[in-house]
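entry11.txt (compact mmCIF, C-alpha atoms) appears below.
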# COMPACT_ATOMS: atom_id res chain seq x y z
CA MET A 1 0.00 0.00 0.00
CA GLU A 2 2.85 2.35 0.90
CA LYS A 3 4.52 1.69 -2.45
CA ILE A 4 1.30 2.52 -4.31
CA ILE A 5 0.95 5.84 -2.47
CA LEU A 6 4.57 6.73 -3.19
CA SER A 7 4.06 5.83 -6.85
CA ILE A 8 1.00 8.09 -7.06
CA VAL A 9 2.83 10.98 -5.38
CA PHE A 10 5.79 10.52 -7.69
CA SER A 11 3.53 10.48 -10.76
CA ILE A 12 1.79 13.67 -9.66
CA ALA A 13 5.12 15.39 -9.02
CA LEU A 14 6.39 14.22 -12.38
CA SER A 15 3.31 15.41 -14.22
CA GLY A 16 3.68 18.81 -12.59
CA CYS A 17 6.99 19.29 -14.43
CA VAL A 18 5.51 18.64 -17.86
CA TYR A 19 4.85 21.73 -20.03
CA THR A 20 3.04 22.07 -23.31
CA SER A 21 5.44 23.27 -26.00
CA HIS A 22 4.18 25.18 -29.00
CA THR A 23 7.64 25.72 -30.47
CA GLU A 24 9.17 24.13 -33.54
CA LYS A 25 12.81 24.54 -34.49
CA LEU A 26 13.50 26.31 -37.77
CA HIS A 27 15.64 24.54 -40.34
CA THR A 28 17.57 27.76 -40.93
CA PRO A 29 17.84 30.46 -38.23
CA ILE A 30 16.67 33.92 -39.28
CA GLU A 31 19.39 36.43 -38.47
CA ARG A 32 18.45 39.94 -37.41
CA ASN A 33 20.39 43.17 -37.85
CA SER A 34 21.63 44.69 -34.63
CA LEU A 35 20.53 48.23 -33.88
CA SER A 36 24.06 49.11 -32.75
CA SER A 37 26.00 51.30 -35.17
CA ILE A 38 28.52 54.12 -35.40
CA GLU A 39 28.06 56.82 -38.03
CA GLU A 40 30.55 59.59 -38.75
CA ILE A 41 29.19 62.68 -40.50
CA PRO A 42 31.69 65.33 -41.64
CA TYR A 43 30.65 68.96 -41.63
CA SER A 44 32.29 72.35 -41.46
CA SER A 45 31.81 75.68 -39.71
CA PHE A 46 30.42 76.98 -43.03
CA GLU A 47 27.31 74.81 -42.98
CA GLY A 48 24.16 76.86 -42.75
CA LYS A 49 26.08 80.10 -43.05
CA SER A 50 25.81 82.36 -46.07
CA GLY A 51 25.35 85.99 -46.94
CA LYS A 52 27.52 89.06 -47.21
CA ARG A 53 30.74 89.34 -45.21
CA GLU A 54 33.01 92.31 -44.64
CA ALA A 55 36.68 92.71 -43.73
CA SER A 56 39.15 95.56 -43.48
CA ILE A 57 42.93 95.42 -43.95
CA GLY A 58 44.53 93.03 -41.46
CA GLU A 59 41.17 91.60 -40.39
CA ILE A 60 40.18 87.94 -40.46
CA MET A 61 37.68 87.32 -43.25
CA PHE A 62 36.52 83.94 -41.93
CA VAL A 63 37.67 80.90 -39.97
CA TYR A 64 37.28 77.44 -41.43
CA GLN A 65 36.90 74.52 -39.02
CA LYS A 66 36.20 70.93 -40.00
CA TYR A 67 34.36 68.61 -37.63
CA ILE A 68 33.18 65.03 -37.49
CA ARG A 69 29.79 64.41 -35.89
CA VAL A 70 29.80 60.90 -34.39
CA ILE A 71 26.41 59.24 -33.83
CA GLU A 72 26.79 56.07 -31.77
CA LYS A 73 23.81 53.76 -31.32
CA THR A 74 23.95 50.96 -28.77
CA GLU A 75 21.34 48.23 -28.70
CA TYR A 76 19.92 47.11 -25.36
CA ILE A 77 17.05 44.97 -24.10
CA ARG A 78 14.16 46.99 -22.70
CA PHE A 79 13.06 44.30 -20.23
CA LYS A 80 14.42 42.81 -17.03
CA ALA A 81 14.90 39.05 -17.16
CA PRO A 82 12.67 37.13 -14.72
CA THR A 83 15.14 34.24 -14.67
CA GLY A 84 18.27 33.76 -12.60
CA ASN A 85 20.49 35.05 -15.42
CA ARG A 86 20.17 38.58 -16.78
CA PHE A 87 19.68 39.30 -20.45
CA PRO A 88 23.13 39.81 -22.03
CA LYS A 89 24.13 43.41 -22.72
CA SER A 90 25.75 42.60 -26.04
CA ALA A 91 24.65 39.56 -28.02
CA ASP A 92 23.57 38.40 -31.45
CA TRP A 93 19.96 37.24 -31.40
CA ALA A 94 18.37 35.14 -34.13
CA ALA A 95 14.97 33.54 -34.69
CA THR A 96 15.62 29.84 -34.14
CA TYR A 97 12.09 28.58 -33.47
CA LYS A 98 8.58 29.40 -34.58
CA TYR A 99 5.81 29.61 -32.02
CA ASP A 100 2.25 28.52 -32.78
CA ASP A 101 -0.41 28.05 -30.10
CA GLY A 102 -3.23 28.48 -32.63
CA LYS A 103 -4.02 32.01 -31.49
CA LYS A 104 -1.72 34.21 -33.57
CA ASP A 105 0.41 33.63 -36.68
CA ASN A 106 3.94 34.71 -37.58
CA LEU A 107 5.42 34.48 -34.08
CA LEU A 108 9.09 33.63 -33.78
CA VAL A 109 11.29 32.74 -30.83
CA TYR A 110 14.58 34.62 -30.70
CA THR A 111 17.49 33.09 -28.84
CA THR A 112 21.18 33.77 -28.30
CA PRO A 113 24.00 31.45 -27.15
CA LYS A 114 24.79 34.04 -24.46
CA TYR A 115 21.47 33.45 -22.70
CA TYR A 116 21.13 29.94 -21.30
CA ASN A 117 23.02 28.61 -24.35
CA GLY A 118 20.02 29.34 -26.54
CA SER A 119 17.66 27.07 -24.56
CA ILE A 120 15.43 29.98 -23.49
CA GLY A 121 14.16 32.56 -25.93
CA VAL A 122 11.65 35.35 -26.34
CA ILE A 123 8.51 35.22 -28.49
CA LEU A 124 8.32 38.24 -30.80
CA ASP A 125 5.95 39.36 -33.52
CA GLU A 126 6.88 40.87 -36.89
CA ASN A 127 7.49 44.24 -35.20
CA ASN A 128 9.99 42.78 -32.73
CA SER A 129 7.44 43.35 -29.95
CA VAL A 130 6.91 40.80 -27.19
CA ALA A 131 3.94 38.57 -27.92
CA THR A 132 1.59 36.45 -25.75
CA ASP A 133 1.05 36.89 -22.01
CA LYS A 134 4.25 34.96 -21.22
CA PRO A 135 6.73 35.76 -24.00
CA LEU A 136 9.78 34.07 -22.47
CA VAL A 137 9.83 30.37 -23.29
CA GLN A 138 12.15 27.43 -22.78
CA VAL A 139 12.70 25.67 -26.10
CA GLU A 140 15.10 22.90 -25.11
CA GLY A 141 15.62 20.56 -22.18
CA ALA A 142 13.35 18.59 -19.85
CA LYS A 143 11.23 21.66 -19.14
CA ALA A 144 10.72 22.71 -22.76
CA GLY A 145 7.56 24.78 -22.98
CA ARG A 146 8.03 26.47 -19.61
CA ARG A 147 6.99 30.14 -19.81
CA TRP A 148 7.71 33.41 -18.01
CA ALA A 149 5.97 36.75 -18.08
CA LEU A 150 7.79 40.04 -18.70
CA LEU A 151 6.97 43.30 -17.02
CA GLY A 152 6.00 45.81 -19.71
CA LYS A 153 5.13 45.62 -23.38
CA GLY A 154 6.35 46.82 -26.75
CA GLU A 155 9.58 46.22 -28.64
CA PHE A 156 12.04 43.83 -27.01
CA PHE A 157 15.09 45.65 -28.36
CA GLY A 158 15.76 49.33 -27.76
CA VAL A 159 18.61 51.65 -28.67
CA TYR A 160 20.60 54.29 -26.83
CA THR A 161 21.81 57.15 -29.03
CA LYS A 162 24.88 59.19 -28.15
CA GLU A 163 26.05 62.08 -30.31
CA THR A 164 29.49 63.63 -29.96
CA GLU A 165 31.55 66.10 -31.94
CA ASP A 166 35.14 65.43 -32.90
CA ASP A 167 37.32 68.38 -33.85
CA LYS A 168 39.72 67.27 -36.53
CA ASN A 169 42.01 70.26 -35.95
CA ASN A 170 41.74 71.41 -39.54
CA SER A 171 41.30 75.01 -38.51
CA TRP A 172 42.62 77.81 -40.60
CA ALA A 173 41.63 81.40 -41.33
CA LEU A 174 41.83 83.84 -44.21
CA ARG A 175 42.97 87.39 -43.57
CA PHE A 176 42.69 90.38 -45.89
CA GLY A 177 46.15 91.78 -46.42
CA GLY A 178 45.01 94.86 -48.35
CA ASN A 179 45.23 95.91 -51.97
CA ASN A 180 47.78 97.67 -54.06
CA GLY A 181 45.96 99.16 -57.01
CA SER A 182 44.19 96.32 -58.76
CA THR A 183 46.06 93.58 -56.86
CA TYR A 184 44.47 92.11 -53.75
CA GLU A 185 46.46 90.24 -51.12
CA PHE A 186 45.12 87.48 -48.89
CA GLU A 187 46.88 85.52 -46.17
CA ILE A 188 46.10 82.02 -44.98
CA VAL A 189 46.86 81.98 -41.24
CA ASN A 190 46.91 79.14 -38.77
CA GLN A 191 44.32 80.44 -36.33
CA ASN A 192 41.98 83.24 -35.52
CA GLU A 193 42.78 84.25 -31.94
CA SER A 194 46.36 84.03 -30.78
CA THR A 195 49.22 86.26 -29.69
CA VAL A 196 51.29 84.68 -32.45
CA VAL A 197 49.63 84.19 -35.83
CA ASP A 198 51.62 82.27 -38.42
CA VAL A 199 51.09 83.15 -42.06
CA LEU A 200 50.91 79.84 -43.90
CA GLN A 201 50.55 81.27 -47.39
CA THR A 202 50.18 84.63 -49.11
CA ILE A 203 47.95 84.77 -52.19
CA LYS A 204 47.70 87.66 -54.63
CA ILE A 205 44.58 87.99 -56.75
CA SER A 206 43.73 90.47 -59.47
CA GLU A 207 40.76 92.73 -58.91
CA ARG A 208 39.05 91.10 -61.85
CA ASP A 209 39.40 87.63 -60.32
CA PHE A 210 38.29 88.95 -56.94
CA LEU A 211 35.05 90.25 -58.43
CA SER A 212 34.42 87.19 -60.62
CA GLY A 213 35.30 84.78 -57.82
CA PHE A 214 38.21 82.52 -56.88
CA THR A 215 38.77 79.42 -54.75
CA ILE A 216 41.08 78.91 -51.77
CA ARG A 217 41.21 75.46 -50.14
CA GLY A 218 37.73 74.58 -51.36
CA ILE A 219 36.18 77.90 -50.30
CA PHE A 220 34.76 79.96 -53.15
CA ILE A 221 35.21 83.68 -52.49
CA LYS A 222 33.50 86.35 -54.57
CA GLY A 223 33.93 90.08 -54.11
CA LEU A 224 30.74 92.13 -54.23
CA HIS A 225 32.48 95.38 -55.15
CA LYS A 226 35.96 96.90 -55.32
CA ALA A 227 37.88 97.63 -52.14
CA LYS A 228 36.87 100.97 -50.71
CA TYR A 229 38.90 102.70 -47.97
CA GLY A 230 40.62 99.39 -47.23
CA VAL A 231 37.34 97.49 -46.76
CA ILE A 232 36.02 94.63 -48.91
CA THR A 233 32.61 92.97 -48.96
CA PHE A 234 32.35 89.41 -50.24
CA THR A 235 30.65 86.05 -49.95
CA ALA A 236 32.39 82.77 -49.03
CA THR A 237 30.93 79.36 -49.79
CA ASP A 238 32.24 75.88 -49.01
CA ILE A 239 31.88 74.20 -52.40
CA ARG A 240 32.75 70.78 -50.97
CA ILE A 241 29.54 70.51 -48.96
Taking this structure as input, can you express it in the form of structure tokens?
Amino acid sequence: MEKIILSIVFSIALSGCVYTSHTEKLHTPIERNSLSSIEEIPYSSFEGKSGKREASIGEIMFVYQKYIRVIEKTEYIRFKAPTGNRFPKSADWAATYKYDDGKKDNLLVYTTPKYYNGSIGVILDENNSVATDKPLVQVEGAKAGRRWALLGKGEFFGVYTKETEDDKNNSWALRFGGNNGSTYEFEIVNQNESTVVDVLQTIKISERDFLSGFTIRGIFIKGLHKAKYGVITFTATDIRI
């Protein structure tokens, strides 16, 4: 009699560990593109700036500065894992199983080797949003079919965006050196504000070229009228943008 009771208790305990699995392994995993990325966008101090400029003899006409805007996106998981192990911070997830409980189509289970060696995954819909009331499911092992709920809803994967600016130290300035008759003198200097300004190059332009326009280091400069009392008016455009 005692053996029969023990057998019944054991059977009940054993049946309590059995879960219904609605997952089926895919023949070929479906890879997904990570949301993490780094994008470098070059731009200059001339972007968004146009219009008439003015400079007198010995005055800086403009300063050119080149920058790199760095946009760094880092993928993260928007949910806290209800299991003993946390969701990995950096991992490649892929759809390795399909999920079908007869209630909704096109549900896939995404797993990663970094989370329980791929034996537990998350059920997502076509929008990468968590699906069903218990979207975390065990797909392998003795407890295959076991489910967990997640606190929250929406897309499983999120992204942090960080934007920084990198100065590439390509700064230089153009100074008006004055004019002698119909010859105009310009000086490329190393910086705008300094007790010591180094002249990198002196350029002489005819008045005709000044009025029709000329290019220095990718900057198109066009005089609006002849120098008057040592003052010039002009426009400067970065033609490389």
Which protein, DNA or RNA residues have an atom at most 10 Å from (19.5, 34.7, -26.1), counting only C-alpha atoms? List them as a compact mmCIF listing (two decimals) with C-alpha atoms, in the coordinates of the input.
# COMPACT_ATOMS: atom_id res chain seq x y z
CA PHE A 87 19.68 39.30 -20.45
CA PRO A 88 23.13 39.81 -22.03
CA ALA A 91 24.65 39.56 -28.02
CA ASP A 92 23.57 38.40 -31.45
CA TRP A 93 19.96 37.24 -31.40
CA ALA A 94 18.37 35.14 -34.13
CA ALA A 95 14.97 33.54 -34.69
CA VAL A 109 11.29 32.74 -30.83
CA TYR A 110 14.58 34.62 -30.70
CA THR A 111 17.49 33.09 -28.84
CA THR A 112 21.18 33.77 -28.30
CA PRO A 113 24.00 31.45 -27.15
CA LYS A 114 24.79 34.04 -24.46
CA TYR A 115 21.47 33.45 -22.70
CA TYR A 116 21.13 29.94 -21.30
CA ASN A 117 23.02 28.61 -24.35
CA GLY A 118 20.02 29.34 -26.54
CA SER A 119 17.66 27.07 -24.56
CA ILE A 120 15.43 29.98 -23.49
CA GLY A 121 14.16 32.56 -25.93
CA VAL A 122 11.65 35.35 -26.34
**OP:** May I have the protein, DNA and RNA residues with any atom at most 8 Å from the point (-0.9, 26.3, -30.0), counting only C-alpha atoms, written as a list in words?
**Re:**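 Residues with an atom close enough to that point: His22, Tyr99, Asp100, Asp101, Gly102 and Lys103 of chain A.
CA of Ile123 (chain A) is found 13.0 Å from CA of Lys25 (chain A).
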Subject >> Pairwise distance for CA of Gly223 (chain A) and CA of Leu211 (chain A), rounded to one decimal in Å >> reply: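 Interatomic distance here is 4.5 Å.
For the pair CA of Glu163 (chain A) and CA of Ser37 (chain A), the interatomic distance is 11.8 Å.
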